[in-house]
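Undergrad: What follows is a single structure, and I will ask about it in a moment.
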Number of protein chains: 2
Amino acid sequence: MAKKDKIKAEQEFLKTYSSEAFEKPSVAVDILVFTVEDGRLKVVTVRRQEYPFKGDLALPGVFVGMSESVDDAAKRGIREEAGLEDIYFEQLYTFGEVDRDPRMRVVSIAYMALVPVEKIHLRTGLRSEKTELTDVDEILGSKEGIAFDHRQIIECGRERIRSKTETTSIAFNLMPEEFTLPELQKVYEILLGKKLYKANFRKKVAELISETDHMTSGDAHRPSRYYKFKG
Amino acid sequence: MAKKDKIKAEQEFLKTYSSEAFEKPSVAVDILVFTVEDGRLKVVTVRRQEYPFKGDLALPGVFVGMSESVDDAAKRGIREEAGLEDIYFEQLYTFGEVDRDPRMRVVSIAYMALVPVEKIHLRTGLRSEKTELTDVDEILGSKEGIAFDHRQIIECGRERIRSKTETTSIAFNLMPEEFTLPELQKVYEILLGKKLYKANFRKKVAELISETDHMTSGDAHRPSRYYKFKG
DNA sequence: ACAATAGTGTCTGTGAGACAGTATCGA
DNA sequence: TCGATACTGTCTCACAGACACTATTGT
């Protein structure tokens, strides 16, 4: 009977497919850890110690294991490569060109994380790569070598930040627990890449924050109130 | 010397990893082909003929081959499962829970395509599954069984359509070459899930379209002009 | 003439953008 | 008092929302 044949065929197909006889791409996650430091948007990078792309900048990444979800692999990568736990992250996009890694077929799922710079303690990753904070807009505007398709991934993340800054409160993930409005506005201006008007900015964020009872002090000008994010 | 050891170690790691000894997830694409028919948003589905989820609705999908990009696999899936070529599509999101498919570990990259209903000619797919057009909002509002995590994928696509309809001209991909403004408005209303004001709608789309020199005829009311999308 | 749908003119409210002004610190 | 930065009041203008009106067909 045709029906039984079909079931059998599917089972055979699956057995063959999932067996080692059937070649599969590797699955990895590449991670963009963004922060703001010295008035610039930065991203955690590693410098390639081996060929291919030896000496180029690259993004930290890990392979997705068989017993962890892709999200969990991203979390693990953020922990192993940047030493960070419990920070905001989201999936960006999946990059699947055949030759994006000349060594082997790798499909890579890009994630981005946002973290206040105070939390970052760069340390040597498990694979002994030295991690750095790289100026995002500078590297994208330059011709400097970036490994694999990681320039495209960084552009993708940069664009996601810009658009979500306009429509969501994602920017607060880059702020410390307490912050002044001039500090917050500066971060928004960095993410959006343009100056904002103080009065208008304050109107827009007013409903997102709650004031604390203390202020800056010691500066030769009017003190600034500290606020908290009203999640 | 430590440096040489490290290079060697990486090479060993890669050889081991890319060899068949190292288990990898399978990589698939799942495809949402959306269209508008009879005043409703519909999606191309198949009905599962085998366990698991026998009898449930499912999305068409294909495995990603070693020598095709993920985008190309999506294109192939759209061609093989829905018989469509050269239509608008975009990557949606990647689903990577460990147990999303009980048979084996599959990481699935979801794509959505938009096509005017005139182009759709449902036919039996390569794997003899019967394809249907399913009412999206109806199925999402019901408790009907949907295979794997495909309900979540459909929700993801539904939401993407809604948000991109507001900010882009994506809706035109659902229109035939020529269309009237009442027809276009109806499609926008379906995608957005709410009624729009005629005058305001026309102002908004005015710059996106160019008029043709012909009109509807035969109806017992004022004729309507046909327009084209000004890409 | 009438029903039915296509298409237009215009008022209003909201909110972003712009700017000018006031407030409060240290020196 | 002055320089510097924090903070606020308010005008304007563009645009979405709302509604009322006119236009053109077949019966």
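Ligands are numbered from 1 in the order shown, residues from 1 within each chain, and chains are lettered A, B, ... in the order they appear in the structure tokens.
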Can you pull out every residue within 8 Å of Pro60 of chain B, counting only C-alpha atoms (C1' of nucleotides), but drop anything in the same chain fewer than 2 positions away, and send it as a PyMOL selection string?
TA: chain B and resi 30-32+44-46+58+62+77+81
Undergrad: Taking only C-alpha atoms (C1' of nucleotides) into account, which residues of chain A are within 12 Å of chain D, as a ChimeraX atom specification?
TA: /A:180-183,198-203,215-216,219-226
Undergrad: Please report as a VMD selection string which residues of chain C come no farther than 12 Å from chain A, using only C-alpha atoms (C1' of nucleotides).
TA: chain C and resid 15 to 20 23 to 27
Undergrad: So that I can check the secondary structure, give me every residue of segment 32-200 of chain A assigned alpha helix (DSSP H) by backbone DSSP, as a PyMOL selection string.
TA: chain A and resi 70-82+136-141+150-167+181-192+198-200
Undergrad: Convert the current residue selection to file output with N, CA and C atoms, as a compact mmCIF listing (two decimals), in the first residue's frame.
TA:
```txt
# COMPACT_ATOMS: atom_id res chain seq x y z
N VAL A 70 19.70 27.42 21.20
CA VAL A 70 20.52 28.46 20.57
C VAL A 70 20.64 29.67 21.49
N ASP A 71 19.54 30.03 22.14
CA ASP A 71 19.59 31.12 23.12
C ASP A 71 20.59 30.81 24.24
N ASP A 72 20.56 29.58 24.72
CA ASP A 72 21.49 29.20 25.79
C ASP A 72 22.94 29.25 25.32
N ALA A 73 23.15 28.87 24.07
CA ALA A 73 24.50 28.96 23.53
C ALA A 73 24.96 30.42 23.52
N ALA A 74 24.04 31.32 23.18
CA ALA A 74 24.39 32.74 23.17
C ALA A 74 24.74 33.19 24.59
N LYS A 75 23.93 32.77 25.54
CA LYS A 75 24.21 33.12 26.94
C LYS A 75 25.59 32.62 27.35
N ARG A 76 25.87 31.38 26.98
CA ARG A 76 27.15 30.78 27.33
C ARG A 76 28.29 31.57 26.69
N GLY A 77 28.11 31.93 25.42
CA GLY A 77 29.14 32.71 24.75
C GLY A 77 29.39 34.04 25.43
N ILE A 78 28.32 34.69 25.84
CA ILE A 78 28.45 35.98 26.52
C ILE A 78 29.22 35.79 27.82
N ARG A 79 28.95 34.69 28.50
CA ARG A 79 29.63 34.42 29.76
C ARG A 79 31.10 34.06 29.52
N GLU A 80 31.32 33.13 28.60
CA GLU A 80 32.69 32.65 28.41
C GLU A 80 33.61 33.70 27.79
N GLU A 81 33.08 34.46 26.86
CA GLU A 81 33.94 35.37 26.11
C GLU A 81 34.00 36.76 26.71
N ALA A 82 32.97 37.16 27.41
CA ALA A 82 32.99 38.52 27.95
C ALA A 82 32.81 38.53 29.47
N VAL A 136 32.68 51.24 17.47
CA VAL A 136 31.85 50.67 16.40
C VAL A 136 31.82 51.57 15.16
N ASP A 137 31.50 52.84 15.35
CA ASP A 137 31.36 53.69 14.17
C ASP A 137 32.70 53.94 13.49
N GLU A 138 33.76 53.93 14.30
CA GLU A 138 35.09 54.12 13.73
C GLU A 138 35.46 52.92 12.86
N ILE A 139 35.25 51.73 13.38
CA ILE A 139 35.66 50.54 12.62
C ILE A 139 34.80 50.39 11.37
N LEU A 140 33.52 50.73 11.48
CA LEU A 140 32.65 50.60 10.31
C LEU A 140 33.01 51.64 9.25
N GLY A 141 33.51 52.79 9.71
CA GLY A 141 33.89 53.82 8.74
C GLY A 141 35.26 53.62 8.15
N HIS A 150 31.96 39.37 9.56
CA HIS A 150 31.65 40.03 10.82
C HIS A 150 31.43 41.53 10.66
N ARG A 151 31.95 42.13 9.60
CA ARG A 151 31.63 43.54 9.36
C ARG A 151 30.12 43.70 9.12
N GLN A 152 29.59 42.79 8.35
CA GLN A 152 28.15 42.81 8.07
C GLN A 152 27.34 42.58 9.35
N ILE A 153 27.83 41.70 10.19
CA ILE A 153 27.12 41.44 11.45
C ILE A 153 27.13 42.68 12.33
N ILE A 154 28.28 43.35 12.39
CA ILE A 154 28.35 44.56 13.21
C ILE A 154 27.40 45.63 12.65
N GLU A 155 27.37 45.76 11.32
CA GLU A 155 26.45 46.73 10.71
C GLU A 155 25.00 46.40 11.07
N CYS A 156 24.70 45.11 11.05
CA CYS A 156 23.34 44.68 11.39
C CYS A 156 23.00 45.08 12.82
N GLY A 157 23.91 44.86 13.74
CA GLY A 157 23.68 45.23 15.13
C GLY A 157 23.59 46.73 15.32
N ARG A 158 24.47 47.45 14.63
CA ARG A 158 24.45 48.92 14.73
C ARG A 158 23.09 49.45 14.31
N GLU A 159 22.58 48.90 13.24
CA GLU A 159 21.30 49.38 12.72
C GLU A 159 20.16 49.00 13.67
N ARG A 160 20.23 47.81 14.23
CA ARG A 160 19.19 47.38 15.17
C ARG A 160 19.15 48.30 16.38
N ILE A 161 20.33 48.67 16.89
CA ILE A 161 20.38 49.58 18.03
C ILE A 161 19.73 50.91 17.67
N ARG A 162 20.10 51.44 16.51
CA ARG A 162 19.55 52.74 16.13
C ARG A 162 18.03 52.69 16.06
N SER A 163 17.50 51.66 15.40
CA SER A 163 16.04 51.65 15.21
C SER A 163 15.31 51.34 16.52
N LYS A 164 15.86 50.45 17.35
CA LYS A 164 15.17 50.15 18.60
C LYS A 164 15.31 51.27 19.62
N THR A 165 16.35 52.07 19.49
CA THR A 165 16.48 53.23 20.39
C THR A 165 15.33 54.20 20.14
N GLU A 166 14.92 54.30 18.89
CA GLU A 166 13.84 55.23 18.55
C GLU A 166 12.49 54.74 19.04
N THR A 167 12.30 53.44 19.10
CA THR A 167 10.96 52.93 19.34
C THR A 167 10.79 52.20 20.68
N LEU A 181 19.91 62.87 33.84
CA LEU A 181 19.32 63.02 32.52
C LEU A 181 20.33 63.49 31.47
N PRO A 182 21.25 64.37 31.80
CA PRO A 182 22.29 64.69 30.81
C PRO A 182 23.08 63.45 30.39
N GLU A 183 23.37 62.55 31.31
CA GLU A 183 24.07 61.31 30.94
C GLU A 183 23.20 60.46 30.02
N LEU A 184 21.93 60.33 30.38
CA LEU A 184 21.03 59.52 29.56
C LEU A 184 20.91 60.10 28.16
N GLN A 185 20.79 61.42 28.11
CA GLN A 185 20.64 62.06 26.79
C GLN A 185 21.87 61.83 25.93
N LYS A 186 23.05 61.88 26.58
CA LYS A 186 24.29 61.65 25.83
C LYS A 186 24.29 60.26 25.20
N VAL A 187 23.84 59.26 25.96
CA VAL A 187 23.79 57.90 25.44
C VAL A 187 22.83 57.81 24.25
N TYR A 188 21.67 58.42 24.39
CA TYR A 188 20.73 58.43 23.27
C TYR A 188 21.36 59.07 22.04
N GLU A 189 22.07 60.17 22.27
CA GLU A 189 22.68 60.85 21.12
C GLU A 189 23.74 59.99 20.45
N ILE A 190 24.47 59.23 21.25
CA ILE A 190 25.49 58.33 20.67
C ILE A 190 24.80 57.23 19.87
N LEU A 191 23.76 56.65 20.43
CA LEU A 191 23.09 55.54 19.74
C LEU A 191 22.41 56.02 18.46
N LEU A 192 21.83 57.20 18.52
CA LEU A 192 21.10 57.70 17.35
C LEU A 192 22.01 58.42 16.37
N LYS A 198 17.24 69.22 24.49
CA LYS A 198 17.09 68.86 25.89
C LYS A 198 15.64 68.78 26.35
N ALA A 199 14.91 69.84 26.12
CA ALA A 199 13.54 69.90 26.64
C ALA A 199 12.68 68.78 26.04
N ASN A 200 12.83 68.56 24.73
CA ASN A 200 12.02 67.53 24.08
C ASN A 200 12.41 66.14 24.57
```
Undergrad: Please, which residues of chain A lie no more than 8 Å from chain B when the count uses only C-alpha atoms, and can they be set out as JSON, numbers by chain?
TA: {"A": [7, 18, 20, 21, 23, 24, 25, 26, 27, 50, 65, 66, 67, 68, 69, 70, 71, 91, 93, 94, 95, 96, 97, 98, 104, 105, 107, 109]}
Undergrad: Residues near Tyr227 of chain B, anyone? I mean within 9 Å using only C-alpha atoms (C1' of nucleotides), not counting same-chain ones fewer than 4 positions away, as a PyMOL selection string.
TA: chain B and resi 177-181+209-214
Undergrad: Please report, as an NGL selection string, each residue of segment 2-167 of chain A to which DSSP assigns strand (DSSP E or B) when run on this structure's backbone.
TA: :A and (26-37 or 40-47 or 57-58 or 61-63 or 88-95 or 106-114 or 131-135 or 146)
